[in-house]
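A short worksheet on the structure shown next.
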Amino acid sequence: QVQLVESGGGLVQAGGSLRLSCLASGSIFGFNVMGWYRQAPGKERELVAIITSAGATNYVDSVRGRFTVSRDNDKNTVYLQMNSLKPEDTAVYYCNLSVRGSGYWGQGTQVTVSS
């Protein structure tokens with residue numbers, strides 16, 4: 001059983017920074033992809049950033065250059081450093097793990113950026 005637990009969300013002013021963390025526990029081995037998605041009120045969930053177990057990354061265009069995804073494989077933890085935050089970044093951020101054909105989600109953490 002794989003579980004994901006996010007932390008680090010909160011309220012920040014525009015231009016500020018936050019760092020999200022996601023700890024994965026359970027049977028995690030082999031190639032996998034961890035990432036962050038977000039869902040704003042009234043909108044569909046969208047991909048924000050992903051990182052493979054080999055370290056390859058990808059970002060949605062709207063956060064490229066402002067957000068950085070990283071991971072510590074020894075700790076089974078993925079991070080999302082968010083800088084230069086904008087009000088449109090306000091959403092619930094979800095951690096995702098894809099491994100051996102299965103996908104897992106965390107419970108989500110709220111990020112609110114005030115103008």
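Going through the structure tokens in order, the chains are called A, B, and so on, while each chain numbers its residues from 1 and the ligands are numbered from 1 in the order shown.
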What lies within 6 Å of range 46-63 of chain A using only C-alpha atoms, ignoring chain neighbours under 2 positions off, as a list in words?
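The filter keeps Phe31, Asn32, Val33, Met34, Gly35, Trp36, Tyr37, Arg38, Arg66 and Phe67 of chain A.
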Convert the current residue selection to file output with N, CA and C atoms, as a PDB file, in the first residue's frame.
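Generated output (out_29.pdb):
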```
ATOM      1  N   PHE A  31      11.646   2.194 -11.647  1.00  0.00           N
ATOM      2  CA  PHE A  31      11.361   3.477 -12.277  1.00  0.00           C
ATOM      3  C   PHE A  31      10.001   4.012 -11.836  1.00  0.00           C
ATOM      4  N   ASN A  32       9.950   5.284 -11.491  1.00  0.00           N
ATOM      5  CA  ASN A  32       8.680   5.894 -11.105  1.00  0.00           C
ATOM      6  C   ASN A  32       8.718   7.374 -11.429  1.00  0.00           C
ATOM      7  N   VAL A  33       7.548   7.955 -11.411  1.00  0.00           N
ATOM      8  CA  VAL A  33       7.415   9.381 -11.671  1.00  0.00           C
ATOM      9  C   VAL A  33       6.627   9.998 -10.519  1.00  0.00           C
ATOM     10  N   MET A  34       7.179  11.026  -9.933  1.00  0.00           N
ATOM     11  CA  MET A  34       6.474  11.779  -8.892  1.00  0.00           C
ATOM     12  C   MET A  34       6.212  13.187  -9.404  1.00  0.00           C
ATOM     13  N   GLY A  35       5.116  13.733  -8.973  1.00  0.00           N
ATOM     14  CA  GLY A  35       4.815  15.057  -9.480  1.00  0.00           C
ATOM     15  C   GLY A  35       3.788  15.790  -8.657  1.00  0.00           C
ATOM     16  N   TRP A  36       3.533  16.978  -9.117  1.00  0.00           N
ATOM     17  CA  TRP A  36       2.578  17.862  -8.463  1.00  0.00           C
ATOM     18  C   TRP A  36       1.517  18.303  -9.473  1.00  0.00           C
ATOM     19  N   TYR A  37       0.287  18.246  -9.033  1.00  0.00           N
ATOM     20  CA  TYR A  37      -0.848  18.744  -9.787  1.00  0.00           C
ATOM     21  C   TYR A  37      -1.553  19.778  -8.915  1.00  0.00           C
ATOM     22  N   ARG A  38      -2.390  20.570  -9.545  1.00  0.00           N
ATOM     23  CA  ARG A  38      -3.165  21.528  -8.759  1.00  0.00           C
ATOM     24  C   ARG A  38      -4.558  21.667  -9.337  1.00  0.00           C
ATOM     25  N   ARG A  66       9.715  29.672 -12.446  1.00  0.00           N
ATOM     26  CA  ARG A  66       9.334  30.122 -11.099  1.00  0.00           C
ATOM     27  C   ARG A  66       9.309  28.963 -10.100  1.00  0.00           C
ATOM     28  N   PHE A  67       8.910  27.795 -10.558  1.00  0.00           N
ATOM     29  CA  PHE A  67       8.817  26.607  -9.697  1.00  0.00           C
ATOM     30  C   PHE A  67       9.945  25.641 -10.036  1.00  0.00           C
TER      31      PHE A  67
END
```
Rounded to one decimal place, report the CA of Cys95 in chain A-CA of Ser115 in chain A distance in Å.
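Computing the Euclidean distance for CA of Cys95 in chain A and CA of Ser115 in chain A yields 25.4 Å.
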Could you check the closest approach to Thr109 in chain A for each of A:Gly65, A:Ser27, A:Ala40, A:Asp72 and tell me which residue wins, using only C-alpha atoms?
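Of A:Gly65, A:Ser27, A:Ala40, A:Asp72, the one nearest Thr109 in chain A, counting only C-alpha atoms, is A:Ala40.
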What is the distance, in Å and to one decimal place, between CA of Ser17 in chain A and CA of Thr77 in chain A?
19.3 Å
For range 90-94 of chain A, work out the shell of residues within 12 Å, counting only C-alpha atoms and skipping chain neighbours fewer than 5 positions away, then give it as a PyMOL selection string.
chain A and resi 4-14+18-23+34-50+78-80+82+85+104-115
Pick the closest to Gly16 in chain A from A:Asn76, A:Thr68, A:Gln81, A:Ser102: which is it, counting only C-alpha atoms?
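For Gly16 in chain A, the nearest of the candidates is A:Gln81.
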